[in-house]
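Worksheet: the structure to be examined is printed underneath.
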Amino acid sequence: MNKILLLFVLVSPVCLAEWQLNSDESHLSFISIKNGLVAEVHLFKSLSGDVSGEGQATINVELASLETNIPIRNDRMKSMLFEVQRYATATAKAMLDISQYTDLTPGQSAESRVDLSLDLHGVSQQMFAVVKVTRTDQEIWQVTSIEPLVLNAVSHNLAEGIEALRSVAGLKEITPVVPITFSLQFNSN
């Protein structure tokens, strides 16, 4: 019985550890390029997610929280591109070896390639992110993209929405390839 209790005490901090996304301290942005010359940065204001003790990471992006700094563009992108009435969230999922991050001491970092699936507009695609994970405090981890994720909007059935936006705005082109960057803060429970 004592061996089982000792095993539970030794294993439980890693297996039961769970990280919760601190949405107030997390950011996800992307760049749109129109007419091949004008790049504009947009962001999502509402993110949620967690990492289980087994390493299952889930990040949810509330698409209606889009902020482009132009109200009419916000409305058009939400309705014409993302169709937020049908597809309220985008979800990224990954399986992590969480011990490589829980073993960091405050101030230490580790770089990783994370394979993930992105479910956006009803289509799930495999991609990867190159991230830097820094343990900033005993109970806080910061996960930052080292390289932008490159999303091809056509792969997520967004070409029709891009065309509708291009037409209504009177543009020659909106590039369907979109770089995404993020900085996510997780707090352990």
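A note on labels: chains of the structure tokens are A, B, ... as shown, every chain counts residues from 1, and ligands are counted from 1 in their shown order.
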
Find the spatial neighbours of region 70-86 of chain A, counting only C-alpha atoms, within a cut-off of 10 Å - ignore same-chain residues fewer than 2 positions away - and output them as a list of chain:residue names.
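Answer for this query is A:His42, A:Glu62, A:Leu63, A:Ala64, A:Ser65, A:Leu66, A:Glu67, A:Thr68, A:Ala88, A:Thr89, A:Ala90, A:Leu120, A:His121, A:Gly122, A:Ala153, A:Asn157, A:Leu158, A:Ala159, A:Glu160, A:Gly161, A:Ile162, A:Glu163, A:Ala164, A:Leu165, A:Val168, A:Ala169.
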
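Minimum distance to Leu184 (chain A) across A:Leu171, A:Val131, A:Ala110, A:Leu37 (counting only C-alpha atoms) occurs at A:Val131.
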
Could you jot down the CA of Met127 (chain A) to CA of Ser46 (chain A) separation for me, Å, one decimal place?
22.1 Å

Just the number, please: distance in Å from CA of Ser48 (chain A) to CA of Asn69 (chain A), one decimal.
21.8 Å

Which residue of A:Ile31, A:Leu104, A:Ile98, A:Ile174 approaches Thr136 (chain A) most closely, using only C-alpha atoms
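The closest residue to Thr136 (chain A) is A:Leu104.
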
Report as a PDB file with N, CA, C and O atoms, in the first residue's frame all protein, DNA and RNA residues lying within 10 Å of Val51 (chain A), evaluated on only C-alpha atoms, omitting residues in the same chain fewer than 5 positions from it.
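Contents of the output file out33.pdb:
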ATOM      1  N   ALA A  17      -1.093  17.855 -13.410  1.00  0.00           N
ATOM      2  CA  ALA A  17      -0.866  19.267 -13.733  1.00  0.00           C
ATOM      3  C   ALA A  17      -1.748  19.663 -14.893  1.00  0.00           C
ATOM      4  O   ALA A  17      -1.917  18.919 -15.847  1.00  0.00           O
ATOM      5  N   GLU A  18      -2.355  20.801 -14.781  1.00  0.00           N
ATOM      6  CA  GLU A  18      -3.160  21.306 -15.874  1.00  0.00           C
ATOM      7  C   GLU A  18      -2.878  22.797 -15.998  1.00  0.00           C
ATOM      8  O   GLU A  18      -2.789  23.493 -15.008  1.00  0.00           O
ATOM      9  N   TRP A  19      -2.750  23.238 -17.224  1.00  0.00           N
ATOM     10  CA  TRP A  19      -2.525  24.651 -17.481  1.00  0.00           C
ATOM     11  C   TRP A  19      -3.791  25.244 -18.064  1.00  0.00           C
ATOM     12  O   TRP A  19      -4.439  24.640 -18.909  1.00  0.00           O
ATOM     13  N   GLN A  20      -4.101  26.430 -17.622  1.00  0.00           N
ATOM     14  CA  GLN A  20      -5.252  27.160 -18.123  1.00  0.00           C
ATOM     15  C   GLN A  20      -4.736  28.383 -18.877  1.00  0.00           C
ATOM     16  O   GLN A  20      -3.841  29.083 -18.400  1.00  0.00           O
ATOM     17  N   LEU A  21      -5.284  28.655 -20.052  1.00  0.00           N
ATOM     18  CA  LEU A  21      -4.875  29.828 -20.819  1.00  0.00           C
ATOM     19  C   LEU A  21      -5.349  31.084 -20.112  1.00  0.00           C
ATOM     20  O   LEU A  21      -6.505  31.192 -19.727  1.00  0.00           O
ATOM     21  N   GLN A  56      -2.488  17.101 -23.646  1.00  0.00           N
ATOM     22  CA  GLN A  56      -3.438  17.471 -24.702  1.00  0.00           C
ATOM     23  C   GLN A  56      -3.705  18.969 -24.618  1.00  0.00           C
ATOM     24  O   GLN A  56      -4.291  19.446 -23.663  1.00  0.00           O
ATOM     25  N   ALA A  57      -3.234  19.699 -25.619  1.00  0.00           N
ATOM     26  CA  ALA A  57      -3.405  21.152 -25.665  1.00  0.00           C
ATOM     27  C   ALA A  57      -4.548  21.498 -26.603  1.00  0.00           C
ATOM     28  O   ALA A  57      -4.657  20.948 -27.691  1.00  0.00           O
ATOM     29  N   THR A  58      -5.396  22.432 -26.164  1.00  0.00           N
ATOM     30  CA  THR A  58      -6.512  22.910 -26.970  1.00  0.00           C
ATOM     31  C   THR A  58      -6.580  24.423 -26.842  1.00  0.00           C
ATOM     32  O   THR A  58      -6.589  24.950 -25.732  1.00  0.00           O
ATOM     33  N   ILE A  59      -6.616  25.105 -27.983  1.00  0.00           N
ATOM     34  CA  ILE A  59      -6.791  26.555 -28.016  1.00  0.00           C
ATOM     35  C   ILE A  59      -8.022  26.848 -28.871  1.00  0.00           C
ATOM     36  O   ILE A  59      -8.114  26.381 -30.010  1.00  0.00           O
ATOM     37  N   LYS A  93      -5.442  21.946 -31.856  1.00  0.00           N
ATOM     38  CA  LYS A  93      -5.171  20.893 -30.882  1.00  0.00           C
ATOM     39  C   LYS A  93      -3.800  20.293 -31.160  1.00  0.00           C
ATOM     40  O   LYS A  93      -3.407  20.146 -32.317  1.00  0.00           O
ATOM     41  N   ALA A  94      -3.110  19.953 -30.074  1.00  0.00           N
ATOM     42  CA  ALA A  94      -1.795  19.321 -30.189  1.00  0.00           C
ATOM     43  C   ALA A  94      -1.575  18.418 -28.990  1.00  0.00           C
ATOM     44  O   ALA A  94      -2.138  18.643 -27.919  1.00  0.00           O
ATOM     45  N   MET A  95      -0.742  17.413 -29.181  1.00  0.00           N
ATOM     46  CA  MET A  95      -0.336  16.543 -28.081  1.00  0.00           C
ATOM     47  C   MET A  95       1.102  16.888 -27.746  1.00  0.00           C
ATOM     48  O   MET A  95       1.982  16.835 -28.621  1.00  0.00           O
ATOM     49  N   LEU A  96       1.344  17.297 -26.509  1.00  0.00           N
ATOM     50  CA  LEU A  96       2.666  17.765 -26.088  1.00  0.00           C
ATOM     51  C   LEU A  96       3.317  16.779 -25.123  1.00  0.00           C
ATOM     52  O   LEU A  96       2.629  16.084 -24.372  1.00  0.00           O
ATOM     53  N   ILE A  98       4.564  17.251 -22.088  1.00  0.00           N
ATOM     54  CA  ILE A  98       4.495  18.359 -21.130  1.00  0.00           C
ATOM     55  C   ILE A  98       5.659  18.351 -20.141  1.00  0.00           C
ATOM     56  O   ILE A  98       6.033  19.400 -19.611  1.00  0.00           O
ATOM     57  N   PHE A 186       0.038  30.573 -20.049  1.00  0.00           N
ATOM     58  CA  PHE A 186      -0.683  29.534 -19.318  1.00  0.00           C
ATOM     59  C   PHE A 186      -0.321  29.588 -17.849  1.00  0.00           C
ATOM     60  O   PHE A 186       0.854  29.780 -17.504  1.00  0.00           O
ATOM     61  N   ASN A 187      -1.327  29.411 -17.017  1.00  0.00           N
ATOM     62  CA  ASN A 187      -1.124  29.341 -15.574  1.00  0.00           C
ATOM     63  C   ASN A 187      -1.472  27.935 -15.120  1.00  0.00           C
ATOM     64  O   ASN A 187      -2.486  27.375 -15.563  1.00  0.00           O
ATOM     65  N   SER A 188      -0.663  27.363 -14.235  1.00  0.00           N
ATOM     66  CA  SER A 188      -0.983  26.020 -13.737  1.00  0.00           C
ATOM     67  C   SER A 188      -2.063  26.127 -12.668  1.00  0.00           C
ATOM     68  O   SER A 188      -2.170  27.123 -11.965  1.00  0.00           O
TER      69      SER A 188
END

Among the residues A:Phe182, A:Tyr87, A:Phe44, A:Trp141, the one that comes closest to Asn22 (chain A) [using only C-alpha atoms]:
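When distances to Asn22 (chain A) are compared using only C-alpha atoms, the smallest one comes from A:Trp141.
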
Where in region 2-171 of chain A does DSSP assign strand (DSSP E), given as JSON, numbers by chain?
{"A": [19, 20, 21, 27, 28, 29, 30, 31, 32, 33, 34, 38, 39, 40, 41, 42, 43, 44, 47, 48, 49, 50, 51, 56, 57, 58, 59, 60, 61, 62, 66, 67, 89, 90, 91, 92, 93, 94, 95, 109, 110, 111, 112, 113, 114, 115, 116, 117, 118, 119, 120, 123, 124, 125, 126, 127, 128, 129, 130, 131, 132, 133, 134, 135, 136, 137, 140, 141, 142, 143, 144, 145, 149, 150, 151, 152]}
